[in-house]
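Asker: The structure file start-v7.cif (mmCIF, C-alpha atoms and all ligand atoms; chains and numbers go by the auth columns) is provided below.
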```cif
data_my_file
loop_
_atom_site.group_PDB
_atom_site.id
_atom_site.type_symbol
_atom_site.label_atom_id
_atom_site.label_comp_id
_atom_site.label_asym_id
_atom_site.label_seq_id
_atom_site.Cartn_x
_atom_site.Cartn_y
_atom_site.Cartn_z
_atom_site.B_iso_or_equiv
_atom_site.auth_seq_id
_atom_site.auth_asym_id
ATOM 1 C CA MET A 1 13.178 73.455 48.664 0.00 1 X
ATOM 2 C CA SER A 2 13.734 76.185 51.236 0.00 2 X
ATOM 3 C CA SER A 3 11.415 79.190 51.427 0.00 3 X
ATOM 4 C CA SER A 4 14.310 81.493 50.525 0.00 4 X
ATOM 5 C CA SER A 5 15.039 79.712 47.211 0.00 5 X
ATOM 6 C CA THR A 6 15.339 82.080 44.306 0.00 6 X
ATOM 7 C CA ILE A 7 15.631 81.256 40.648 0.00 7 X
ATOM 8 C CA GLN A 8 18.627 82.702 38.898 0.00 8 X
ATOM 9 C CA GLN A 9 18.159 85.432 36.309 0.00 9 X
ATOM 10 C CA PRO A 10 18.140 83.593 32.971 0.00 10 X
ATOM 11 C CA THR A 11 20.422 84.838 30.234 0.00 11 X
ATOM 12 C CA LYS A 12 18.468 82.957 27.610 0.00 12 X
ATOM 13 C CA ILE A 13 15.222 81.020 27.995 0.00 13 X
ATOM 14 C CA LYS A 14 14.418 77.886 26.061 0.00 14 X
ATOM 15 C CA VAL A 15 10.713 77.050 25.805 0.00 15 X
ATOM 16 C CA THR A 16 9.447 73.688 24.567 0.00 16 X
ATOM 17 C CA TYR A 17 5.911 73.056 23.411 0.00 17 X
ATOM 18 C CA PHE A 18 3.953 70.765 21.138 0.00 18 X
ATOM 19 C CA ASP A 19 3.482 72.072 17.627 0.00 19 X
ATOM 20 C CA PHE A 20 -0.080 73.372 17.832 0.00 20 X
ATOM 21 C CA GLY A 21 0.661 76.400 15.662 0.00 21 X
ATOM 22 C CA VAL A 22 -0.568 79.548 17.355 0.00 22 X
ATOM 23 C CA LEU A 23 -3.172 77.724 19.466 0.00 23 X
ATOM 24 C CA GLY A 24 -2.534 76.018 22.808 0.00 24 X
ATOM 25 C CA PHE A 25 -1.054 76.910 26.179 0.00 25 X
ATOM 26 C CA GLY A 26 2.398 77.901 24.892 0.00 26 X
ATOM 27 C CA GLN A 27 1.422 80.857 22.735 0.00 27 X
ATOM 28 C CA PRO A 28 0.743 83.581 25.366 0.00 28 X
ATOM 29 C CA LEU A 29 4.173 82.884 26.829 0.00 29 X
ATOM 30 C CA LYS A 30 5.642 83.334 23.368 0.00 30 X
ATOM 31 C CA LEU A 31 3.787 86.640 22.932 0.00 31 X
ATOM 32 C CA LEU A 32 5.164 87.883 26.255 0.00 32 X
ATOM 33 C CA LEU A 33 8.715 86.906 25.292 0.00 33 X
ATOM 34 C CA GLU A 34 8.344 88.639 21.941 0.00 34 X
ATOM 35 C CA ASP A 35 6.899 91.815 23.448 0.00 35 X
ATOM 36 C CA SER A 36 9.587 92.040 26.114 0.00 36 X
ATOM 37 C CA GLY A 37 12.476 91.506 23.686 0.00 37 X
ATOM 38 C CA THR A 38 13.747 88.600 25.806 0.00 38 X
ATOM 39 C CA ASP A 39 16.349 86.357 24.213 0.00 39 X
ATOM 40 C CA TYR A 40 14.624 83.000 23.825 0.00 40 X
ATOM 41 C CA GLU A 41 14.496 79.817 21.808 0.00 41 X
ATOM 42 C CA TYR A 42 11.181 78.111 21.136 0.00 42 X
ATOM 43 C CA GLU A 43 11.369 74.420 20.350 0.00 43 X
ATOM 44 C CA LEU A 44 8.258 72.913 18.779 0.00 44 X
ATOM 45 C CA ILE A 45 7.790 69.169 19.232 0.00 45 X
ATOM 46 C CA PRO A 46 5.966 67.663 16.229 0.00 46 X
ATOM 47 C CA LEU A 47 2.785 65.911 17.310 0.00 47 X
ATOM 48 C CA ASP A 48 3.959 62.634 15.735 0.00 48 X
ATOM 49 C CA ARG A 49 6.883 62.531 18.178 0.00 49 X
ATOM 50 C CA ILE A 50 4.664 62.050 21.223 0.00 50 X
ATOM 51 C CA ASP A 51 5.223 58.260 21.193 0.00 51 X
ATOM 52 C CA GLY A 52 6.738 57.092 24.439 0.00 52 X
ATOM 53 C CA TRP A 53 5.311 60.140 26.203 0.00 53 X
ATOM 54 C CA ASP A 54 5.189 58.394 29.600 0.00 54 X
ATOM 55 C CA GLU A 55 8.964 57.890 29.634 0.00 55 X
ATOM 56 C CA GLN A 56 9.622 61.379 28.275 0.00 56 X
ATOM 57 C CA GLN A 57 7.344 62.835 30.920 0.00 57 X
ATOM 58 C CA ALA A 58 9.020 60.911 33.765 0.00 58 X
ATOM 59 C CA LYS A 59 12.350 62.473 32.736 0.00 59 X
ATOM 60 C CA LEU A 60 10.853 65.977 32.724 0.00 60 X
ATOM 61 C CA MET A 61 9.321 65.415 36.153 0.00 61 X
ATOM 62 C CA ALA A 62 12.624 64.181 37.576 0.00 62 X
ATOM 63 C CA ARG A 63 14.217 67.474 36.498 0.00 63 X
ATOM 64 C CA GLY A 64 11.726 69.776 38.210 0.00 64 X
ATOM 65 C CA ASN A 65 8.809 70.002 35.771 0.00 65 X
ATOM 66 C CA HIS A 66 6.715 68.454 38.535 0.00 66 X
ATOM 67 C CA PHE A 67 3.429 68.193 36.668 0.00 67 X
ATOM 68 C CA GLY A 68 5.132 66.909 33.512 0.00 68 X
ATOM 69 C CA THR A 69 3.535 69.298 31.042 0.00 69 X
ATOM 70 C CA PHE A 70 4.382 71.478 28.082 0.00 70 X
ATOM 71 C CA PRO A 71 4.926 74.372 27.675 0.00 71 X
ATOM 72 C CA MET A 72 8.104 74.009 29.657 0.00 72 X
ATOM 73 C CA ALA A 73 10.954 76.449 30.220 0.00 73 X
ATOM 74 C CA ASP A 74 14.660 75.888 30.714 0.00 74 X
ATOM 75 C CA PHE A 75 16.344 78.896 32.334 0.00 75 X
ATOM 76 C CA GLY A 76 19.774 77.309 32.086 0.00 76 X
ATOM 77 C CA ASP A 77 20.031 76.488 35.794 0.00 77 X
ATOM 78 C CA GLY A 78 19.740 72.718 35.374 0.00 78 X
ATOM 79 C CA LYS A 79 16.012 72.564 36.155 0.00 79 X
ATOM 80 C CA LEU A 80 12.967 72.398 33.921 0.00 80 X
ATOM 81 C CA ARG A 81 9.780 74.240 34.799 0.00 81 X
ATOM 82 C CA GLY A 82 6.206 73.966 33.548 0.00 82 X
ATOM 83 C CA GLY A 83 2.887 75.778 33.990 0.00 83 X
ATOM 84 C CA SER A 84 2.289 78.445 31.358 0.00 84 X
ATOM 85 C CA VAL A 85 0.783 81.161 33.559 0.00 85 X
ATOM 86 C CA PRO A 86 3.177 80.626 36.506 0.00 86 X
ATOM 87 C CA LEU A 87 6.056 80.812 34.000 0.00 87 X
ATOM 88 C CA MET A 88 4.706 84.093 32.643 0.00 88 X
ATOM 89 C CA ARG A 89 4.496 85.505 36.170 0.00 89 X
ATOM 90 C CA LEU A 90 7.985 84.237 36.985 0.00 90 X
ATOM 91 C CA ILE A 91 9.497 85.786 33.848 0.00 91 X
ATOM 92 C CA SER A 92 7.575 89.009 34.527 0.00 92 X
ATOM 93 C CA ARG A 93 9.105 89.196 38.001 0.00 93 X
ATOM 94 C CA LYS A 94 12.572 88.534 36.569 0.00 94 X
ATOM 95 C CA ILE A 95 12.323 91.277 33.968 0.00 95 X
ATOM 96 C CA GLY A 96 10.373 93.676 36.193 0.00 96 X
ATOM 97 C CA LYS A 97 7.430 94.141 33.825 0.00 97 X
ATOM 98 C CA TYR A 98 3.821 93.073 33.248 0.00 98 X
ATOM 99 C CA LEU A 99 2.731 92.801 36.917 0.00 99 X
ATOM 100 C CA GLY A 100 0.464 94.902 39.114 0.00 100 X
ATOM 101 C CA SER A 101 2.043 97.503 41.369 0.00 101 X
ATOM 102 C CA ASN A 102 0.014 96.768 44.503 0.00 102 X
ATOM 103 C CA GLU A 103 -1.767 93.911 46.228 0.00 103 X
ATOM 104 C CA GLU A 104 -5.208 94.861 44.911 0.00 104 X
ATOM 105 C CA ASP A 105 -3.989 94.889 41.312 0.00 105 X
ATOM 106 C CA GLU A 106 -2.156 91.592 41.796 0.00 106 X
ATOM 107 C CA TYR A 107 -5.371 90.067 43.136 0.00 107 X
ATOM 108 C CA PHE A 108 -7.284 91.441 40.148 0.00 108 X
ATOM 109 C CA LEU A 109 -4.752 89.999 37.701 0.00 109 X
ATOM 110 C CA ASP A 110 -4.776 86.624 39.486 0.00 110 X
ATOM 111 C CA THR A 111 -8.557 86.531 39.199 0.00 111 X
ATOM 112 C CA ALA A 112 -8.488 87.354 35.500 0.00 112 X
ATOM 113 C CA SER A 113 -5.817 84.718 34.839 0.00 113 X
ATOM 114 C CA ASP A 114 -7.952 82.173 36.675 0.00 114 X
ATOM 115 C CA PHE A 115 -10.859 82.908 34.331 0.00 115 X
ATOM 116 C CA TYR A 116 -8.447 82.783 31.391 0.00 116 X
ATOM 117 C CA ILE A 117 -7.719 79.158 32.303 0.00 117 X
ATOM 118 C CA ASP A 118 -11.438 78.304 32.503 0.00 118 X
ATOM 119 C CA TRP A 119 -11.946 79.902 29.102 0.00 119 X
ATOM 120 C CA GLN A 120 -8.887 78.256 27.514 0.00 120 X
ATOM 121 C CA ARG A 121 -9.814 74.811 28.889 0.00 121 X
ATOM 122 C CA SER A 122 -13.355 74.973 27.558 0.00 122 X
ATOM 123 C CA PHE A 123 -12.019 76.158 24.177 0.00 123 X
ATOM 124 C CA ALA A 124 -9.552 73.238 24.184 0.00 124 X
ATOM 125 C CA SER A 125 -12.155 70.591 25.000 0.00 125 X
ATOM 126 C CA ASN A 126 -15.099 71.966 23.034 0.00 126 X
ATOM 127 C CA ILE A 127 -13.366 73.343 19.942 0.00 127 X
ATOM 128 C CA HIS A 128 -9.705 72.592 19.515 0.00 128 X
ATOM 129 C CA PHE A 129 -8.727 69.082 20.611 0.00 129 X
ATOM 130 C CA ARG A 130 -9.917 65.553 19.868 0.00 130 X
ATOM 131 C CA LYS A 131 -12.582 66.283 17.237 0.00 131 X
ATOM 132 C CA PRO A 132 -15.325 67.554 19.572 0.00 132 X
ATOM 133 C CA SER A 133 -18.955 66.777 18.718 0.00 133 X
ATOM 134 C CA LEU A 134 -21.157 69.409 17.108 0.00 134 X
ATOM 135 C CA ALA A 135 -23.102 69.614 20.392 0.00 135 X
ATOM 136 C CA LEU A 136 -19.926 70.512 22.317 0.00 136 X
ATOM 137 C CA GLN A 137 -18.970 73.093 19.702 0.00 137 X
ATOM 138 C CA LYS A 138 -22.442 74.642 19.829 0.00 138 X
ATOM 139 C CA ASP A 139 -22.324 74.759 23.625 0.00 139 X
ATOM 140 C CA TYR A 140 -19.025 76.652 23.476 0.00 140 X
ATOM 141 C CA LYS A 141 -20.078 79.082 20.751 0.00 141 X
ATOM 142 C CA GLU A 142 -23.528 79.852 22.090 0.00 142 X
ATOM 143 C CA LEU A 143 -23.083 79.612 25.839 0.00 143 X
ATOM 144 C CA LEU A 144 -19.542 79.316 27.227 0.00 144 X
ATOM 145 C CA ALA A 145 -17.738 81.809 24.992 0.00 145 X
ATOM 146 C CA PRO A 146 -20.389 84.578 25.202 0.00 146 X
ATOM 147 C CA ARG A 147 -20.305 84.214 28.981 0.00 147 X
ATOM 148 C CA MET A 148 -16.542 84.844 28.953 0.00 148 X
ATOM 149 C CA TYR A 149 -16.805 87.782 26.526 0.00 149 X
ATOM 150 C CA LYS A 150 -19.332 89.399 28.837 0.00 150 X
ATOM 151 C CA LYS A 151 -17.027 89.008 31.861 0.00 151 X
ATOM 152 C CA PHE A 152 -13.878 90.173 30.065 0.00 152 X
ATOM 153 C CA GLU A 153 -15.696 93.051 28.360 0.00 153 X
ATOM 154 C CA HIS A 154 -16.671 94.207 31.835 0.00 154 X
ATOM 155 C CA VAL A 155 -13.196 93.952 33.361 0.00 155 X
ATOM 156 C CA TYR A 156 -11.572 95.669 30.377 0.00 156 X
ATOM 157 C CA GLY A 157 -13.851 98.651 31.091 0.00 157 X
ATOM 158 C CA LEU A 158 -12.817 99.093 34.716 0.00 158 X
ATOM 159 C CA HIS A 159 -9.668 101.134 34.055 0.00 159 X
ATOM 160 C CA ASP A 160 -8.898 104.031 31.781 0.00 160 X
ATOM 161 C CA GLY A 161 -6.890 102.638 28.854 0.00 161 X
ATOM 162 C CA PRO A 162 -6.941 99.673 26.498 0.00 162 X
ATOM 163 C CA TYR A 163 -5.278 97.065 28.749 0.00 163 X
ATOM 164 C CA ILE A 164 -6.796 95.231 31.673 0.00 164 X
ATOM 165 C CA LEU A 165 -5.059 97.519 34.176 0.00 165 X
ATOM 166 C CA GLY A 166 -5.372 100.610 32.024 0.00 166 X
ATOM 167 C CA HIS A 167 -2.469 102.066 30.076 0.00 167 X
ATOM 168 C CA GLU A 168 0.236 99.573 31.078 0.00 168 X
ATOM 169 C CA ILE A 169 0.181 96.092 29.595 0.00 169 X
ATOM 170 C CA THR A 170 0.309 93.119 32.014 0.00 170 X
ATOM 171 C CA TYR A 171 0.829 89.380 31.589 0.00 171 X
ATOM 172 C CA VAL A 172 -2.954 88.914 31.627 0.00 172 X
ATOM 173 C CA ASP A 173 -3.294 90.889 28.394 0.00 173 X
ATOM 174 C CA PHE A 174 -1.270 88.235 26.570 0.00 174 X
ATOM 175 C CA LEU A 175 -3.670 85.622 27.939 0.00 175 X
ATOM 176 C CA THR A 176 -6.809 87.498 26.917 0.00 176 X
ATOM 177 C CA TYR A 177 -5.456 88.150 23.448 0.00 177 X
ATOM 178 C CA HIS A 178 -4.629 84.487 23.046 0.00 178 X
ATOM 179 C CA ASN A 179 -8.179 83.358 23.855 0.00 179 X
ATOM 180 C CA ILE A 180 -9.773 85.844 21.495 0.00 180 X
ATOM 181 C CA ASN A 181 -7.249 84.785 18.867 0.00 181 X
ATOM 182 C CA GLY A 182 -8.301 81.126 19.199 0.00 182 X
ATOM 183 C CA ASP A 183 -12.001 81.966 18.943 0.00 183 X
ATOM 184 C CA VAL A 184 -11.570 84.158 15.890 0.00 184 X
ATOM 185 C CA ARG A 185 -9.329 81.676 14.096 0.00 185 X
ATOM 186 C CA LYS A 186 -11.602 78.725 14.849 0.00 186 X
ATOM 187 C CA ASP A 187 -14.739 80.404 13.503 0.00 187 X
ATOM 188 C CA CYS A 188 -16.520 80.868 16.807 0.00 188 X
ATOM 189 C CA GLN A 189 -18.712 83.672 15.418 0.00 189 X
ATOM 190 C CA ILE A 190 -16.899 86.389 17.319 0.00 190 X
ATOM 191 C CA ASP A 191 -17.804 89.882 16.178 0.00 191 X
ATOM 192 C CA LEU A 192 -15.514 92.129 18.199 0.00 192 X
ATOM 193 C CA ASN A 193 -17.660 95.135 17.301 0.00 193 X
ATOM 194 C CA LYS A 194 -20.115 93.841 19.915 0.00 194 X
ATOM 195 C CA TRP A 195 -17.440 94.121 22.614 0.00 195 X
ATOM 196 C CA PRO A 196 -16.008 97.666 22.392 0.00 196 X
ATOM 197 C CA ASN A 197 -13.585 97.364 25.312 0.00 197 X
ATOM 198 C CA LEU A 198 -12.156 94.139 23.925 0.00 198 X
ATOM 199 C CA LEU A 199 -12.018 95.602 20.440 0.00 199 X
ATOM 200 C CA ARG A 200 -10.068 98.622 21.763 0.00 200 X
ATOM 201 C CA PHE A 201 -7.738 96.217 23.577 0.00 201 X
ATOM 202 C CA VAL A 202 -7.099 94.011 20.524 0.00 202 X
ATOM 203 C CA LYS A 203 -6.361 97.047 18.360 0.00 203 X
ATOM 204 C CA ALA A 204 -3.903 98.487 20.905 0.00 204 X
ATOM 205 C CA PHE A 205 -2.263 95.118 21.467 0.00 205 X
ATOM 206 C CA GLU A 206 -1.744 94.499 17.758 0.00 206 X
ATOM 207 C CA GLU A 207 -0.201 97.954 17.360 0.00 207 X
ATOM 208 C CA ARG A 208 2.600 97.214 19.848 0.00 208 X
ATOM 209 C CA PRO A 209 5.704 97.284 17.665 0.00 209 X
ATOM 210 C CA ALA A 210 7.175 93.917 18.698 0.00 210 X
ATOM 211 C CA ILE A 211 3.776 92.215 18.521 0.00 211 X
ATOM 212 C CA LYS A 212 2.978 93.768 15.150 0.00 212 X
ATOM 213 C CA SER A 213 6.251 92.578 13.763 0.00 213 X
ATOM 214 C CA TYR A 214 5.821 89.066 15.207 0.00 214 X
ATOM 215 C CA LEU A 215 2.222 88.748 13.950 0.00 215 X
ATOM 216 C CA SER A 216 3.367 89.624 10.449 0.00 216 X
ATOM 217 C CA THR A 217 5.554 86.484 10.512 0.00 217 X
ATOM 218 C CA ILE A 218 2.696 84.100 11.330 0.00 218 X
ATOM 219 C CA GLU A 219 1.848 82.006 8.329 0.00 219 X
ATOM 220 C CA SER A 220 -1.898 81.873 8.965 0.00 220 X
ATOM 221 C CA GLY A 221 -2.231 85.656 8.912 0.00 221 X
ATOM 222 C CA GLY A 222 -1.590 88.288 11.512 0.00 222 X
ATOM 223 C CA SER A 223 -4.330 90.564 12.807 0.00 223 X
ATOM 224 C CA ILE A 224 -7.376 89.095 14.524 0.00 224 X
ATOM 225 C CA PHE A 225 -8.839 92.596 14.522 0.00 225 X
ATOM 226 C CA LEU A 226 -8.972 92.369 10.728 0.00 226 X
ATOM 227 C CA LEU A 227 -10.111 88.737 10.727 0.00 227 X
ATOM 228 C CA SER A 228 -12.951 89.522 13.124 0.00 228 X
ATOM 229 C CA GLN A 229 -14.458 92.271 11.001 0.00 229 X
ATOM 230 C CA PRO A 230 -17.709 91.088 9.392 0.00 230 X
ATOM 231 C CA SER A 231 -16.645 92.107 5.890 0.00 231 X
ATOM 232 C CA SER A 232 -13.382 90.156 5.982 0.00 232 X
ATOM 233 C CA SER A 233 -14.535 86.966 7.705 0.00 233 X
ATOM 234 C CA SER A 234 -16.875 84.295 6.431 0.00 234 X
ATOM 235 C CA ASN A 235 -17.972 83.372 9.945 0.00 235 X
ATOM 236 C CA ASN A 236 -19.780 86.594 10.782 0.00 236 X
HETATM 237 N N1 LIG B . -2.245 74.442 33.056 0.00 301 E
HETATM 238 C C1 LIG B . -1.126 73.936 32.307 0.00 301 E
HETATM 239 C C2 LIG B . -1.652 72.930 31.301 0.00 301 E
HETATM 240 C C3 LIG B . -0.565 72.396 30.406 0.00 301 E
HETATM 241 C C4 LIG B . -1.034 71.183 29.645 0.00 301 E
HETATM 242 O O1 LIG B . -2.043 70.539 29.948 0.00 301 E
HETATM 243 N N2 LIG B . -0.246 70.859 28.626 0.00 301 E
HETATM 244 C C5 LIG B . -0.513 69.703 27.841 0.00 301 E
HETATM 245 C C6 LIG B . -0.196 69.989 26.388 0.00 301 E
HETATM 246 S S1 LIG B . -1.223 71.253 25.722 0.00 301 E
HETATM 247 C C7 LIG B . 0.393 68.585 28.309 0.00 301 E
HETATM 248 O O2 LIG B . 1.589 68.755 28.420 0.00 301 E
HETATM 249 N N3 LIG B . -0.199 67.439 28.576 0.00 301 E
HETATM 250 C C8 LIG B . 0.528 66.260 28.936 0.00 301 E
HETATM 251 C C9 LIG B . 0.064 65.659 30.223 0.00 301 E
HETATM 252 O O3 LIG B . -0.612 66.314 31.016 0.00 301 E
HETATM 253 O O4 LIG B . 0.419 64.495 30.407 0.00 301 E
HETATM 254 C C10 LIG B . -0.413 75.091 31.598 0.00 301 E
HETATM 255 O O5 LIG B . -1.059 76.119 31.346 0.00 301 E
HETATM 256 O O6 LIG B . 0.773 74.970 31.311 0.00 301 E
#
```
Go ahead and render the structure in this file as structure tokens.
Answerer:
Amino acid sequence: MSSSSTIQQPTKIKVTYFDFGVLGFGQPLKLLLEDSGTDYEYELIPLDRIDGWDEQQAKLMARGNHFGTFPMADFGDGKLRGGSVPLMRLISRKIGKYLGSNEEDEYFLDTASDFYIDWQRSFASNIHFRKPSLALQKDYKELLAPRMYKKFEHVYGLHDGPYILGHEITYVDFLTYHNINGDVRKDCQIDLNKWPNLLRFVKAFEERPAIKSYLSTIESGGSIFLLSQPSSSSNN
């Protein structure tokens, strides 16, 4: 691949992911596509169709999805691409939205997305996948998650406005929302009232017209702001 390679502007994006409902690495990408009004198709692979994964994966890797993972995007240029956060950055560059406007802001967003991955991975291993032990769940709820809320509460207070960079939403906001969403839905004892910057963010995010409309279509219930309120949740 030459250093001048560019990826053509997609007319329609097809995303493929395993059917984990609204949890998992594919969902923030979906939120970004919804918010931006991008024309996309989202194929969900049922978990019982993972048989023969090694052969399926080899085919994906041969077509450019080098790490062989879902979520995966097809931009219609004959190649497949994986990596949820890199895909979100790539799409953001293509549509000219959701990025920082200078090097310092880009660095800040990169740092936050790095911590998003740490947070999402520990949620996946301690709460969401492969029936984790009670000890792992406790470790996440009492130690790992509070540590992340403290960090993200701090960074959401650095700028004036509800989003991580202030008044303009960026790709990182879809990531942050997704992690809070997982914690609230999986009964991780999250009381957003203890984290005022994150609470302000969640409220603003859920009021975005395209997001509001999308959340209302989710079977398991839309607003995590409402779910996280002590009076409406059994876990608080
Ligand atoms: N950091 C990657 C992780 C993706 C990932 O691990 N996806 C899982 C499904 S949730 C996968 O495809 N695993 C198959 C494998 O690694 O063989 C991302 O955010 O896209």
Asker: Please indicate the distance in Å from atom CA of Asp110 of chain X to atom CA of Thr6 of chain X, rounded to one decimal place.
Answerer: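 Spanning atom CA of Asp110 of chain X to atom CA of Thr6 of chain X is a straight-line distance of 21.2 Å.
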Asker: Run the PyMOL selection byres (((chain X and resi 208) around 12) and not hetatm) against the file shown and list the residues it catches, as a list of chain:residue names.
Answerer: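 Given this file, the PyMOL selection byres (((chain X and resi 208) around 12) and not hetatm) evaluates to X:Leu31, X:Leu32, X:Glu34, X:Asp35, X:Ser36, X:Pro162, X:Tyr163, X:Glu168, X:Ile169, X:Phe174, X:Phe201, X:Val202, X:Lys203, X:Ala204, X:Phe205, X:Glu206, X:Glu207, X:Pro209, X:Ala210, X:Ile211, X:Lys212, X:Ser213, X:Tyr214, X:Leu215, X:Ser223.
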Asker: Please write the residues from the selection above to a file, keeping C-alpha atoms, as an mmCIF file, in the frame of the given file.
Answerer:
```cif
data_model
loop_
_atom_site.group_PDB
_atom_site.id
_atom_site.type_symbol
_atom_site.label_atom_id
_atom_site.label_comp_id
_atom_site.auth_asym_id
_atom_site.auth_seq_id
_atom_site.Cartn_x
_atom_site.Cartn_y
_atom_site.Cartn_z
ATOM 1 C CA LEU X 31 3.787 86.640 22.932
ATOM 2 C CA LEU X 32 5.164 87.883 26.255
ATOM 3 C CA GLU X 34 8.344 88.639 21.941
ATOM 4 C CA ASP X 35 6.899 91.815 23.448
ATOM 5 C CA SER X 36 9.587 92.040 26.114
ATOM 6 C CA PRO X 162 -6.941 99.673 26.498
ATOM 7 C CA TYR X 163 -5.278 97.065 28.749
ATOM 8 C CA GLU X 168 0.236 99.573 31.078
ATOM 9 C CA ILE X 169 0.181 96.092 29.595
ATOM 10 C CA PHE X 174 -1.270 88.235 26.570
ATOM 11 C CA PHE X 201 -7.738 96.217 23.577
ATOM 12 C CA VAL X 202 -7.099 94.011 20.524
ATOM 13 C CA LYS X 203 -6.361 97.047 18.360
ATOM 14 C CA ALA X 204 -3.903 98.487 20.905
ATOM 15 C CA PHE X 205 -2.263 95.118 21.467
ATOM 16 C CA GLU X 206 -1.744 94.499 17.758
ATOM 17 C CA GLU X 207 -0.201 97.954 17.360
ATOM 18 C CA PRO X 209 5.704 97.284 17.665
ATOM 19 C CA ALA X 210 7.175 93.917 18.698
ATOM 20 C CA ILE X 211 3.776 92.215 18.521
ATOM 21 C CA LYS X 212 2.978 93.768 15.150
ATOM 22 C CA SER X 213 6.251 92.578 13.763
ATOM 23 C CA TYR X 214 5.821 89.066 15.207
ATOM 24 C CA LEU X 215 2.222 88.748 13.950
ATOM 25 C CA SER X 223 -4.330 90.564 12.807
#
```
Asker: Do you know which residues are at most 12 Å from Pro86 of chain X counting only C-alpha atoms, after dropping those on the same chain fewer than 6 positions away, and could you put them as a list in words?
Answerer: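 Selected residues are Phe25, Gly26, Pro28, Leu29, Pro71, Met72, Ala73, Ser92, Arg93, Asp110, Ser113, Asp114, Ile117, Tyr171 and Val172 of chain X.
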Asker: At most 9 Å is the cut-off: for each residue in chain X with any atom that close to an atom of ligand LIG 301 (chain E), write down the nearest atom pair and the distance in Å rounded to one decimal, counting all atoms listed in the file, chain first then increasing number, as a Markdown table.
Answerer:
```
| residue | atom | partner | partner_atom | distance |
| --- | --- | --- | --- | --- |
| X:Tyr17 | CA | E:LIG301 | C6 | 7.5 |
| X:Phe18 | CA | E:LIG301 | C6 | 6.7 |
| X:Phe20 | CA | E:LIG301 | S1 | 8.2 |
| X:Gly24 | CA | E:LIG301 | S1 | 5.7 |
| X:Phe25 | CA | E:LIG301 | O5 | 5.2 |
| X:Gly26 | CA | E:LIG301 | O6 | 7.2 |
| X:Trp53 | CA | E:LIG301 | O4 | 7.8 |
| X:Asp54 | CA | E:LIG301 | O4 | 7.8 |
| X:Gln57 | CA | E:LIG301 | O4 | 7.1 |
| X:Phe67 | CA | E:LIG301 | O3 | 7.2 |
| X:Gly68 | CA | E:LIG301 | O4 | 6.1 |
| X:Thr69 | CA | E:LIG301 | O2 | 3.3 |
| X:Phe70 | CA | E:LIG301 | O2 | 3.9 |
| X:Pro71 | CA | E:LIG301 | O6 | 5.6 |
| X:Met72 | CA | E:LIG301 | O6 | 7.6 |
| X:Gly82 | CA | E:LIG301 | O6 | 6.0 |
| X:Gly83 | CA | E:LIG301 | O6 | 3.5 |
| X:Ser84 | CA | E:LIG301 | O6 | 3.8 |
| X:Val85 | CA | E:LIG301 | O5 | 5.8 |
| X:Pro86 | CA | E:LIG301 | O6 | 8.0 |
| X:Leu87 | CA | E:LIG301 | O6 | 8.3 |
| X:Ile117 | CA | E:LIG301 | N1 | 7.3 |
| X:Gln120 | CA | E:LIG301 | O5 | 9.0 |
| X:Arg121 | CA | E:LIG301 | N1 | 8.6 |
| X:Ala124 | CA | E:LIG301 | S1 | 8.7 |
```
Asker: Which residue is closest to Gly78 of chain X? Choose from X:Lys14, X:His178, X:Arg63, X:Arg147 and count only C-alpha atoms.
Answerer: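 Looking only at the distances to Gly78 of chain X, the closest residue turns out to be X:Arg63.
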Asker: To one decimal in Å, tell me the separation between atom CA of Glu104 of chain X and atom CA of Leu192 of chain X.
Answerer: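 Distance reported for this atom pair: 28.8 Å.
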Asker: Take the PyMOL selection byres (((chain X and resi 128) around 12) and not hetatm), apply it to the structure above, and return the hits as number ranges by chain.
Answerer: X: 20-25, 120-127, 129-133, 136-137, 140, 179, 182-183, 185-188
Asker: Can you turn the PyMOL selection byres (((chain X and resi 79) around 10) and not hetatm) into a concrete residue list for this file, as a tab-separated table (two decimals) with C-alpha atoms, in the coordinates of the input?
Answerer:
```tsv
chain	number	residue	atom	x	y	z
X	7	ILE	CA	15.63	81.26	40.65
X	60	LEU	CA	10.85	65.98	32.72
X	61	MET	CA	9.32	65.42	36.15
X	62	ALA	CA	12.62	64.18	37.58
X	63	ARG	CA	14.22	67.47	36.50
X	64	GLY	CA	11.73	69.78	38.21
X	65	ASN	CA	8.81	70.00	35.77
X	73	ALA	CA	10.95	76.45	30.22
X	74	ASP	CA	14.66	75.89	30.71
X	75	PHE	CA	16.34	78.90	32.33
X	76	GLY	CA	19.77	77.31	32.09
X	77	ASP	CA	20.03	76.49	35.79
X	78	GLY	CA	19.74	72.72	35.37
X	80	LEU	CA	12.97	72.40	33.92
X	81	ARG	CA	9.78	74.24	34.80
```
Asker: Please indicate the distance in Å from atom CA of Ile190 of chain X to atom CA of Lys141 of chain X, rounded to one decimal place.
Answerer: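 These atoms are spaced 8.7 Å apart.
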Asker: Give me the residues near Val155 of chain X as a PyMOL selection string, where near means some atom within 10 Å (using all atoms listed in the file) and where sequence neighbours in that chain fewer than 4 positions away do not count.
Answerer: chain X and resi 108+112+149-151+159+163-165+197-198
Asker: Emit as JSON the padded axis-aligned box for all listed atoms of segment 183-199 of chain X, 8 Å per side, with centre and edge lengths in Å to one decimal.
Answerer:
```
{"center_x": -14.7, "center_y": 88.2, "center_z": 19.4, "size_x": 26.8, "size_y": 34.9, "size_z": 27.8}
```
Asker: Hey, which of X:Phe225, X:Gln189, X:Asp118, X:Leu158 ends up closest to Lys138 of chain X? Count only C-alpha atoms.
Answerer: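 Distance minimum relative to Lys138 of chain X lands on X:Gln189.
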Asker: Between X:Gln27, X:Arg200, X:Val184, X:Leu90, which is the closest to Gly161 of chain X once you count only C-alpha atoms?
Answerer: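 Counting only C-alpha atoms, the residue closest to Gly161 of chain X is X:Arg200.
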